[in-house]
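Asks: Sharing a structure with you now.
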Amino acid sequence: MPEKSSTLAAPYGLAAKLNPFSSKAAPLVLGAAVLLAGGCQRTGVTTAPAATSTAAAAQATAPATKSSTLPAAPQWSPRVAALLKQMTLEEKIGQMTQIANAAINHTGEQKDITLDSAKLVPFIKMYGVGSFLNGEAVPPTQWIKYLSALQRIAMRESRLHIPVIYGIDHMHGASYVSGAAIFPHNLNLGATFNPEFARQEARATVMESADLGHAWVFAPVLDLGVNVYWPRLYETYGEDPLVAATLGAAYVKELQNNKDILPYKVAACAKHFLGYSDPRNGWDRTNALIPDQRLQEFFRPSFQAAIDAGIKSVMINSGEINGEPVHSSKAILTDLLRTEMGFKGVAVTDWQDIIRLVTVQKTAPNEKEATFRCIDAGVDMAMTPYTTDFCRYVKELVQEGRLTEERINLSAGRVLQMKDELGMFENPMPRADRLNRIGDPTLKQQALEAARESIVLLKNEQNTLPLAANKVRRLLVIGPSADSRANLSGGWTLAWQGRQEAQYPKEVLTIYTALKREYPNAQVETVPYQDAKGQPQLNAVLAAARKADAVVLALGERPYAEGLGNTSDLTLPEDQQQLVRTTQSAGKPTILVMIGGRPNIIRTVVDRSQAVIWGGLPGFGGGQAIAEIISGRVNPSGRLSFTYPQFAGHISNYHHDNNENSLELSDFGAGFENRGPKYKSTMLTEYGQGLSYTTFRYANLQLSDTVLTGAGSIRATVRVTNAGTKVGKEAVLWFLTDEVGRITRPVRLLKHFEKQEFKAGEGRELTFEIQPNRDLSYPDDKGHRVLEDGYFTLRVGDQMKRFRYAGATASGASTQSTTGGSSNAK
């Protein structure tokens, strides 16, 4: 996602300080002349490459590298082909440029959704800028006024009347539109194991924003949530590649193919390609060390699923992989993304990321060289996002012969093709006759249902939960998230970093207000646990806890997004630990409710807590959903979408290899081992675990065969029964273990999942068809599928069966698999 600045003066604090170019540290309000100075002004005629002598002179002081071989020319639509023939070089470069709203509004602030036409006109008339982005939540009528004026001026001032496309960060619903439905963040949606909620979120997003002119949605995030320190973990669907691929594809298909918004269409944006989510130090936009084979097996599938679903754009990883900035990696942006994966759409940079090669990553000596490397690698559009320096540098690179105009045609054509496929030439203007769709109660109900299924019950000693209404006369609700709407929603809600508490809709229930409504005959109260100076008020807390029948401790994090959420310690803050210990000393049942975008380490306080709920970031319906689970009105069905660590210094995903989890030293340390208390590698639950108020039993796992040969398949069936007294939903997760592999295999990997509702006493048979190439193979470092003979173990619930694949032996050890890899006996 793009980084969002609160003012034009500081697009991103650290980057602005490190930037040696004074033009990037813009004053609070910049005139159009300053912003556009030095850009490539439109001449009105096609610009040919400069003479050889000019190119030679330029290359005397620059690397002699020239743009490498281009991919095969795409098949443009007739409109795009005609436009490319008519456009000047400068106009084509303009289509590759994206400018932030702060550069064209009156104040230079992101939240200002107004248009200063004097600033806008030069961007269009002189440079043909093709895209703008950004904003914050304002009423729909304000968006229409702003984007109608912007598009009208763009169509008027553009020589060829080309519409602009507006990009927006609608991360969990139309989150920058006042009154819209706010769904749980993706990490919560992953915990539902229900792709229908991803589809519903996409539908709500376009239903509440497409008419306003929001034609390009910068979602979904398809990064794999494997590093729980990473401040963008909550934007992912979790740590499993199959879940991310399945939910991501459901989102993309609905967002781009929805018929209810016709004549409009909307483009999705898969981000952040590739490997962004596993930085070595856990901080945003930093270096990841990821072997090629791991990239192929774990990080590629979600993006591949989106490409196969027809996604129209990708946003690029702002960090580095193995020391190379992804924005300048031809191996990733062209060889992998386009040649191997078949992507045909627009690749857009993240916020200022071409400049970042110079100011932060230090891999290019100047912005011009950085621009060359990124365009040559495969970048189509630069989110500059304030100046037109990019235009000037690209023009000079073409004139010098380092970039060809054919290369510019490729990127400009992709942008124009996306606009054409969205119908923007026929329907460029917003409309105001369907605004009753925004705030539709049906959409908000869907967001509430998603929240209900996303909450995970991690611990429930002695059936402490649900708290029956007839047994609760007094309930204490306390903690930083007890009465906070902001905390339930996290970053990217109404604004980049969220907003002040008073700016959230009053209709949104907090955990405290929802519990008051859920227990109308009880005294539900909250007390501040800190005074105005942040000093603890533990005596008052203890007194209130002693009077209560039970205590709900709503803990966790304040909203953050991107680098502002960097942390060096996941441990629950000491003041919150003190709060928990104080309430526990009262001797009453305590229920921990963990709110936030990543797991806090709660090892020191969890043992004396009777119940633990992971709430994550459940959105505007989260307070009600949590209250209903506490009361028992809703039976929890969420399962963790990540592995919850027990220690801040030991992080491990569920799909680690066997060597990574060597807790014992018996293989070489016999007689010397004295390690003290043994801890599990995770705190309470592994990935995919979660409790219910009913009991589901798995039985009679059967395989249609125990030996699989050739291209056949094995049919696995299991009977799942609700053995309890309450209706409940169960996510049935099928894991496979490849017992021996030439490349170390995960201890288990999710291969199939489905979620169904069961009435009390109801049972049914569920099926998983195991297909060798899809389910038993894995990629090598080049992406070729490897399918090997050997034993596999299937697990579902507490059931387990072993079978053998003998396809390679049956057909010869050198037989090629149908997916392009080799089959080998093992």
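A note on labels: chains of the structure tokens are A, B, ... as shown, every chain counts residues from 1, and ligands are counted from 1 in their shown order.
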Excluding stretch 440-442 of chain A and any residue of its chain fewer than 3 positions from it, enumerate the residues within 8 Å of it, using only C-alpha atoms, and give them as a list of chain:residue names.
Replies: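 The contact residues come out as A:Ala180, A:Ala181, A:Asn436, A:Arg437, A:Gln445, A:Gln446.
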Asks: Please save all heavy atoms of the selected residues as a compact mmCIF listing (two decimals), in the first residue's frame.
Replies:
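The result, stored in part-v9.txt:
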```txt
# COMPACT_ATOMS: atom_id res chain seq x y z
N ALA A 180 -19.80 4.02 5.14
CA ALA A 180 -19.71 2.72 4.49
C ALA A 180 -19.55 1.59 5.51
O ALA A 180 -19.17 1.82 6.66
CB ALA A 180 -18.53 2.71 3.51
N ALA A 181 -19.81 0.38 5.06
CA ALA A 181 -19.62 -0.81 5.89
C ALA A 181 -18.14 -1.09 6.04
O ALA A 181 -17.41 -1.13 5.04
CB ALA A 181 -20.32 -2.01 5.27
N ASN A 436 -28.05 6.01 -2.27
CA ASN A 436 -28.75 5.28 -1.20
C ASN A 436 -28.12 3.91 -0.95
O ASN A 436 -28.39 3.26 0.05
CB ASN A 436 -30.23 5.11 -1.56
CG ASN A 436 -30.44 4.32 -2.84
OD1 ASN A 436 -29.64 4.41 -3.77
ND2 ASN A 436 -31.51 3.56 -2.90
N ARG A 437 -27.26 3.48 -1.84
CA ARG A 437 -26.55 2.22 -1.63
C ARG A 437 -25.52 2.33 -0.50
O ARG A 437 -25.17 1.33 0.12
CB ARG A 437 -25.83 1.80 -2.91
CG ARG A 437 -26.74 1.44 -4.06
CD ARG A 437 -25.93 1.09 -5.29
NE ARG A 437 -26.74 0.46 -6.33
CZ ARG A 437 -26.24 -0.10 -7.43
NH1 ARG A 437 -24.92 -0.10 -7.61
NH2 ARG A 437 -27.03 -0.65 -8.32
N GLN A 445 -24.69 -5.62 7.85
CA GLN A 445 -25.00 -6.91 8.47
C GLN A 445 -23.99 -7.96 8.01
O GLN A 445 -23.57 -8.81 8.81
CB GLN A 445 -26.42 -7.35 8.11
CG GLN A 445 -26.85 -8.66 8.72
CD GLN A 445 -26.93 -8.61 10.24
OE1 GLN A 445 -27.19 -7.56 10.81
NE2 GLN A 445 -26.69 -9.75 10.89
N GLN A 446 -23.60 -7.91 6.75
CA GLN A 446 -22.58 -8.84 6.26
C GLN A 446 -21.24 -8.62 6.96
O GLN A 446 -20.54 -9.59 7.30
CB GLN A 446 -22.42 -8.69 4.75
CG GLN A 446 -23.62 -9.19 3.96
CD GLN A 446 -23.52 -8.89 2.48
OE1 GLN A 446 -22.67 -8.10 2.04
NE2 GLN A 446 -24.38 -9.51 1.68
```
Asks: Which residues come within 10 Å of A:Phe197, counting only C-alpha atoms, excluding same-chain residues fewer than 3 positions away, as a PyMOL selection string?
Replies: chain A and resi 183-184+186+189-190+192-194+200-203+247+250-251+446-447+449-451+453-454
Asks: Taking only stretch 586-716 of chain A into account, list the residues labelled strand (DSSP E or B) by DSSP (computed from the backbone), as a PyMOL selection string.
Replies: chain A and resi 590-595+601+611-616+645+647+650+657+682+691+696-703+707-708+714-716
Asks: Include N, CA, C and O atoms and write out the residues we just selected as a short mmCIF file (atom, residue, chain, number, x, y, z; two decimals), in the first residue's frame.
Replies:
```cif
data_model
loop_
_atom_site.label_atom_id
_atom_site.label_comp_id
_atom_site.auth_asym_id
_atom_site.auth_seq_id
_atom_site.Cartn_x
_atom_site.Cartn_y
_atom_site.Cartn_z
N THR A 590 -11.61 -14.01 34.88
CA THR A 590 -11.11 -12.97 33.97
C THR A 590 -11.09 -13.50 32.55
O THR A 590 -10.64 -14.62 32.29
N ILE A 591 -11.57 -12.67 31.64
CA ILE A 591 -11.60 -13.00 30.21
C ILE A 591 -10.72 -12.00 29.49
O ILE A 591 -11.00 -10.79 29.50
N LEU A 592 -9.62 -12.48 28.91
CA LEU A 592 -8.76 -11.60 28.12
C LEU A 592 -9.30 -11.52 26.71
O LEU A 592 -9.59 -12.55 26.09
N VAL A 593 -9.43 -10.31 26.19
CA VAL A 593 -9.81 -10.09 24.80
C VAL A 593 -8.68 -9.32 24.14
O VAL A 593 -8.43 -8.16 24.48
N MET A 594 -7.98 -10.00 23.21
CA MET A 594 -6.81 -9.40 22.58
C MET A 594 -7.22 -8.71 21.28
O MET A 594 -7.70 -9.35 20.34
N ILE A 595 -7.02 -7.39 21.25
CA ILE A 595 -7.37 -6.57 20.09
C ILE A 595 -6.09 -6.01 19.48
O ILE A 595 -5.21 -5.51 20.19
N ILE A 601 2.54 -10.93 23.15
CA ILE A 601 2.99 -12.04 23.98
C ILE A 601 2.37 -11.89 25.36
O ILE A 601 2.59 -10.89 26.05
N ALA A 611 -10.39 -17.44 30.48
CA ALA A 611 -10.75 -17.48 29.05
C ALA A 611 -9.93 -16.45 28.30
O ALA A 611 -9.58 -15.39 28.83
N VAL A 612 -9.60 -16.78 27.05
CA VAL A 612 -8.85 -15.87 26.18
C VAL A 612 -9.53 -15.84 24.82
O VAL A 612 -9.80 -16.90 24.22
N ILE A 613 -9.81 -14.65 24.34
CA ILE A 613 -10.40 -14.45 23.02
C ILE A 613 -9.43 -13.63 22.18
O ILE A 613 -8.95 -12.58 22.63
N TRP A 614 -9.13 -14.12 20.97
CA TRP A 614 -8.40 -13.28 20.01
C TRP A 614 -9.43 -12.55 19.16
O TRP A 614 -10.20 -13.17 18.43
N GLY A 615 -9.45 -11.23 19.30
CA GLY A 615 -10.40 -10.43 18.54
C GLY A 615 -9.81 -9.83 17.29
O GLY A 615 -10.54 -9.50 16.35
N GLY A 616 -8.47 -9.65 17.27
CA GLY A 616 -7.82 -9.07 16.10
C GLY A 616 -8.33 -7.68 15.80
O GLY A 616 -8.46 -6.83 16.69
N PRO A 645 2.74 -16.89 18.86
CA PRO A 645 3.98 -17.23 19.55
C PRO A 645 3.85 -17.13 21.06
O PRO A 645 3.05 -16.36 21.59
N PHE A 647 6.87 -16.81 22.91
CA PHE A 647 8.00 -15.96 23.28
C PHE A 647 8.22 -14.91 22.20
O PHE A 647 8.08 -15.18 21.01
N HIS A 650 11.02 -16.10 19.72
CA HIS A 650 10.94 -17.35 18.97
C HIS A 650 9.67 -17.36 18.14
O HIS A 650 8.57 -17.49 18.67
N ASP A 657 9.78 -26.64 8.59
CA ASP A 657 10.26 -28.00 8.33
C ASP A 657 10.63 -28.66 9.66
O ASP A 657 10.66 -28.02 10.71
N THR A 682 4.60 -22.78 20.50
CA THR A 682 3.59 -21.73 20.45
C THR A 682 2.88 -21.66 21.79
O THR A 682 2.98 -22.56 22.61
N LEU A 691 -11.60 -22.74 19.60
CA LEU A 691 -12.59 -23.49 20.38
C LEU A 691 -14.01 -23.08 20.02
O LEU A 691 -14.25 -22.02 19.43
N PHE A 696 -17.14 -30.92 18.24
CA PHE A 696 -17.16 -31.57 16.94
C PHE A 696 -16.26 -32.80 16.99
O PHE A 696 -15.12 -32.73 17.45
N ARG A 697 -16.79 -33.91 16.53
CA ARG A 697 -16.04 -35.15 16.52
C ARG A 697 -15.80 -35.61 15.08
O ARG A 697 -16.71 -35.55 14.25
N TYR A 698 -14.57 -36.03 14.85
CA TYR A 698 -14.16 -36.56 13.55
C TYR A 698 -14.02 -38.07 13.67
O TYR A 698 -13.47 -38.58 14.66
N ALA A 699 -14.48 -38.78 12.67
CA ALA A 699 -14.42 -40.24 12.73
C ALA A 699 -14.39 -40.82 11.32
O ALA A 699 -14.80 -40.18 10.34
N ASN A 700 -13.88 -42.06 11.26
CA ASN A 700 -13.97 -42.89 10.06
C ASN A 700 -13.33 -42.24 8.83
O ASN A 700 -13.93 -42.17 7.76
N LEU A 701 -12.11 -41.73 9.00
CA LEU A 701 -11.36 -41.24 7.84
C LEU A 701 -11.04 -42.42 6.94
O LEU A 701 -10.43 -43.41 7.37
N GLN A 702 -11.45 -42.33 5.70
CA GLN A 702 -11.25 -43.41 4.73
C GLN A 702 -10.60 -42.88 3.47
O GLN A 702 -10.87 -41.75 3.04
N LEU A 703 -9.73 -43.73 2.87
CA LEU A 703 -9.12 -43.43 1.59
C LEU A 703 -9.60 -44.44 0.56
O LEU A 703 -9.72 -45.64 0.87
N VAL A 707 -2.50 -46.66 -2.42
CA VAL A 707 -1.41 -46.43 -3.36
C VAL A 707 -1.97 -45.66 -4.55
O VAL A 707 -2.99 -46.04 -5.13
N LEU A 708 -1.30 -44.59 -4.87
CA LEU A 708 -1.74 -43.73 -5.97
C LEU A 708 -0.70 -43.80 -7.07
O LEU A 708 0.50 -43.61 -6.84
N ILE A 714 -6.97 -39.96 -5.25
CA ILE A 714 -7.49 -40.67 -4.09
C ILE A 714 -8.61 -39.84 -3.49
O ILE A 714 -8.46 -38.64 -3.29
N ARG A 715 -9.70 -40.51 -3.19
CA ARG A 715 -10.84 -39.84 -2.57
C ARG A 715 -10.78 -40.10 -1.07
O ARG A 715 -10.82 -41.24 -0.61
N ALA A 716 -10.65 -39.01 -0.30
CA ALA A 716 -10.63 -39.12 1.16
C ALA A 716 -11.96 -38.63 1.71
O ALA A 716 -12.48 -37.59 1.29
#
```
Asks: Hey, what does DSSP flag as alpha helix (DSSP H) within stretch 395-602 of chain A? Can you give it to me as a ChimeraX atom specification?
Replies: /A:395-399,405-421,441-454,485-489,511-518,538-547,574-584
Asks: Can you pull out every residue within 9 Å of A:Ser328, counting only C-alpha atoms, but drop anything in the same chain fewer than 6 positions away, and send it as a list in words?
Replies: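 Here the answer would be Ile354, Leu357, Ala370, Thr371, Phe372, Arg373, Cys374, Ile375, Asp376, Ala377, Gly378 and Val379 of chain A.
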Asks: Mind dumping the selected residues with N, CA and C atoms as a JSON list (two decimals), in the first residue's frame?
Replies:
```
[["chain", "number", "residue", "atom", "x", "y", "z"],
["A", 354, "ILE", "N", 10.67, 4.62, -6.34],
["A", 354, "ILE", "CA", 11.81, 4.79, -7.25],
["A", 354, "ILE", "C", 12.85, 5.68, -6.58],
["A", 357, "LEU", "N", 15.30, 4.05, -4.01],
["A", 357, "LEU", "CA", 16.55, 3.40, -4.42],
["A", 357, "LEU", "C", 17.76, 4.29, -4.14],
["A", 370, "ALA", "N", 17.94, 5.50, -11.06],
["A", 370, "ALA", "CA", 16.93, 4.68, -10.41],
["A", 370, "ALA", "C", 15.71, 4.51, -11.32],
["A", 371, "THR", "N", 15.33, 5.58, -11.99],
["A", 371, "THR", "CA", 14.20, 5.54, -12.90],
["A", 371, "THR", "C", 14.46, 4.56, -14.04],
["A", 372, "PHE", "N", 15.66, 4.62, -14.60],
["A", 372, "PHE", "CA", 15.99, 3.68, -15.68],
["A", 372, "PHE", "C", 15.88, 2.23, -15.20],
["A", 373, "ARG", "N", 16.48, 1.96, -14.05],
["A", 373, "ARG", "CA", 16.51, 0.58, -13.57],
["A", 373, "ARG", "C", 15.10, 0.04, -13.31],
["A", 374, "CYS", "N", 14.25, 0.89, -12.77],
["A", 374, "CYS", "CA", 12.89, 0.44, -12.46],
["A", 374, "CYS", "C", 12.06, 0.22, -13.71],
["A", 375, "ILE", "N", 12.15, 1.15, -14.66],
["A", 375, "ILE", "CA", 11.40, 0.98, -15.90],
["A", 375, "ILE", "C", 11.92, -0.22, -16.67],
["A", 376, "ASP", "N", 13.23, -0.38, -16.73],
["A", 376, "ASP", "CA", 13.82, -1.50, -17.43],
["A", 376, "ASP", "C", 13.44, -2.82, -16.76],
["A", 377, "ALA", "N", 13.27, -2.80, -15.44],
["A", 377, "ALA", "CA", 12.90, -4.02, -14.73],
["A", 377, "ALA", "C", 11.46, -4.43, -14.99],
["A", 378, "GLY", "N", 10.58, -3.46, -15.26],
["A", 378, "GLY", "CA", 9.20, -3.81, -15.54],
["A", 378, "GLY", "C", 8.15, -2.92, -14.91],
["A", 379, "VAL", "N", 8.54, -1.81, -14.29],
["A", 379, "VAL", "CA", 7.58, -0.88, -13.71],
["A", 379, "VAL", "C", 6.80, -0.19, -14.82]]
```
Asks: Between atom CA of A:Glu762 and atom CA of A:Tyr687, measure the distance and give it in Å to one decimal.
Replies: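 Pair atom CA of A:Glu762 / atom CA of A:Tyr687 returns 26.1 Å.
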Asks: What is the distance, in Å and to one decimal place, between atom CA of A:Thr767 and atom CA of A:Val243?
Replies: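 Atom CA of A:Thr767 sits 17.9 Å away from atom CA of A:Val243.
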Asks: Can you pull out every residue within 7 Å of A:Ile168, counting only C-alpha atoms, but drop anything in the same chain fewer than 6 positions away, and send it as JSON, numbers by chain?
Replies: {"A": [133, 134, 214, 216, 217, 218]}
Asks: Compare A:Glu369, A:Asp169, A:Asp607, A:Glu426 by their minimum atom-to-atom distance to A:Gln497, counting only C-alpha atoms, and give me the closest one.
Replies: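 Under the stated criterion, the closest residue is A:Asp169.
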Asks: Here is a test: counting only C-alpha atoms, which residue of A:Gln689, A:Thr205, A:Thr359, A:Asn487 is nearest to A:Asp798?
Replies: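 Once distances to A:Asp798 are computed over only C-alpha atoms, the minimum belongs to A:Gln689.
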Asks: What's around A:Ile311 at 9 Å? Count only C-alpha atoms, leave out sequence neighbours fewer than 3 positions away in its own chain, and write the answer as number ranges by chain.
Replies: A: 249, 252-253, 256, 267-270, 306-308, 314, 343-345
Asks: List as a list of chain:residue names the protein and nucleic acid residues near A:Asp292, meaning an atom at most 10 Å away when only C-alpha atoms are counted, but skip any in the same chain fewer than 6 places from it.
Replies: A:Phe299, A:Ile321, A:Asn322, A:Pro779, A:Asp780, A:Asp781, A:Lys782, A:Gly783
Asks: Within 12 Å of A:Thr643, counting only C-alpha atoms, which residues qualify if same-chain residues fewer than 6 places away don't, as a PyMOL selection string?
Replies: chain A and resi 187+191+225-228+233+238-240+458+598-601+650-656+680-690
Asks: For the selection just defined, write its residues with C-alpha atoms to a file, as a tab-separated table (two decimals), in the first residue's frame.
Replies:
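again-v1.tsv, freshly written:
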```tsv
chain	number	residue	atom	x	y	z
A	187	LEU	CA	-6.16	-11.38	9.11
A	191	ALA	CA	-9.64	-16.81	10.52
A	225	GLY	CA	1.53	-13.27	6.96
A	226	VAL	CA	4.53	-15.26	8.18
A	227	ASN	CA	6.29	-12.61	10.29
A	228	VAL	CA	4.16	-11.53	13.25
A	233	LEU	CA	0.43	-8.53	9.25
A	238	GLY	CA	-2.63	-15.10	7.40
A	239	GLU	CA	0.31	-17.43	7.04
A	240	ASP	CA	-1.17	-20.12	4.80
A	458	LEU	CA	-8.30	-19.61	22.41
A	598	ARG	CA	-0.66	-8.84	15.50
A	599	PRO	CA	-0.29	-11.11	18.54
A	600	ASN	CA	0.93	-9.70	21.83
A	601	ILE	CA	2.99	-12.04	23.98
A	650	HIS	CA	10.94	-17.35	18.97
A	651	ILE	CA	8.71	-17.14	15.92
A	652	SER	CA	7.75	-20.20	13.90
A	653	ASN	CA	5.03	-20.84	11.34
A	654	TYR	CA	2.94	-24.00	11.30
A	655	HIS	CA	4.47	-25.07	7.97
A	656	HIS	CA	8.04	-25.05	9.24
A	680	LYS	CA	5.75	-25.62	23.37
A	681	SER	CA	6.89	-23.62	20.35
A	682	THR	CA	3.59	-21.73	20.45
A	683	MET	CA	1.61	-20.26	23.30
A	684	LEU	CA	-1.90	-21.66	23.34
A	685	THR	CA	-2.86	-22.83	19.91
A	686	GLU	CA	-1.30	-23.65	16.58
A	687	TYR	CA	-2.44	-22.29	13.24
A	688	GLY	CA	-6.00	-23.31	12.46
A	689	GLN	CA	-7.08	-24.01	16.01
A	690	GLY	CA	-9.97	-22.42	17.86
```
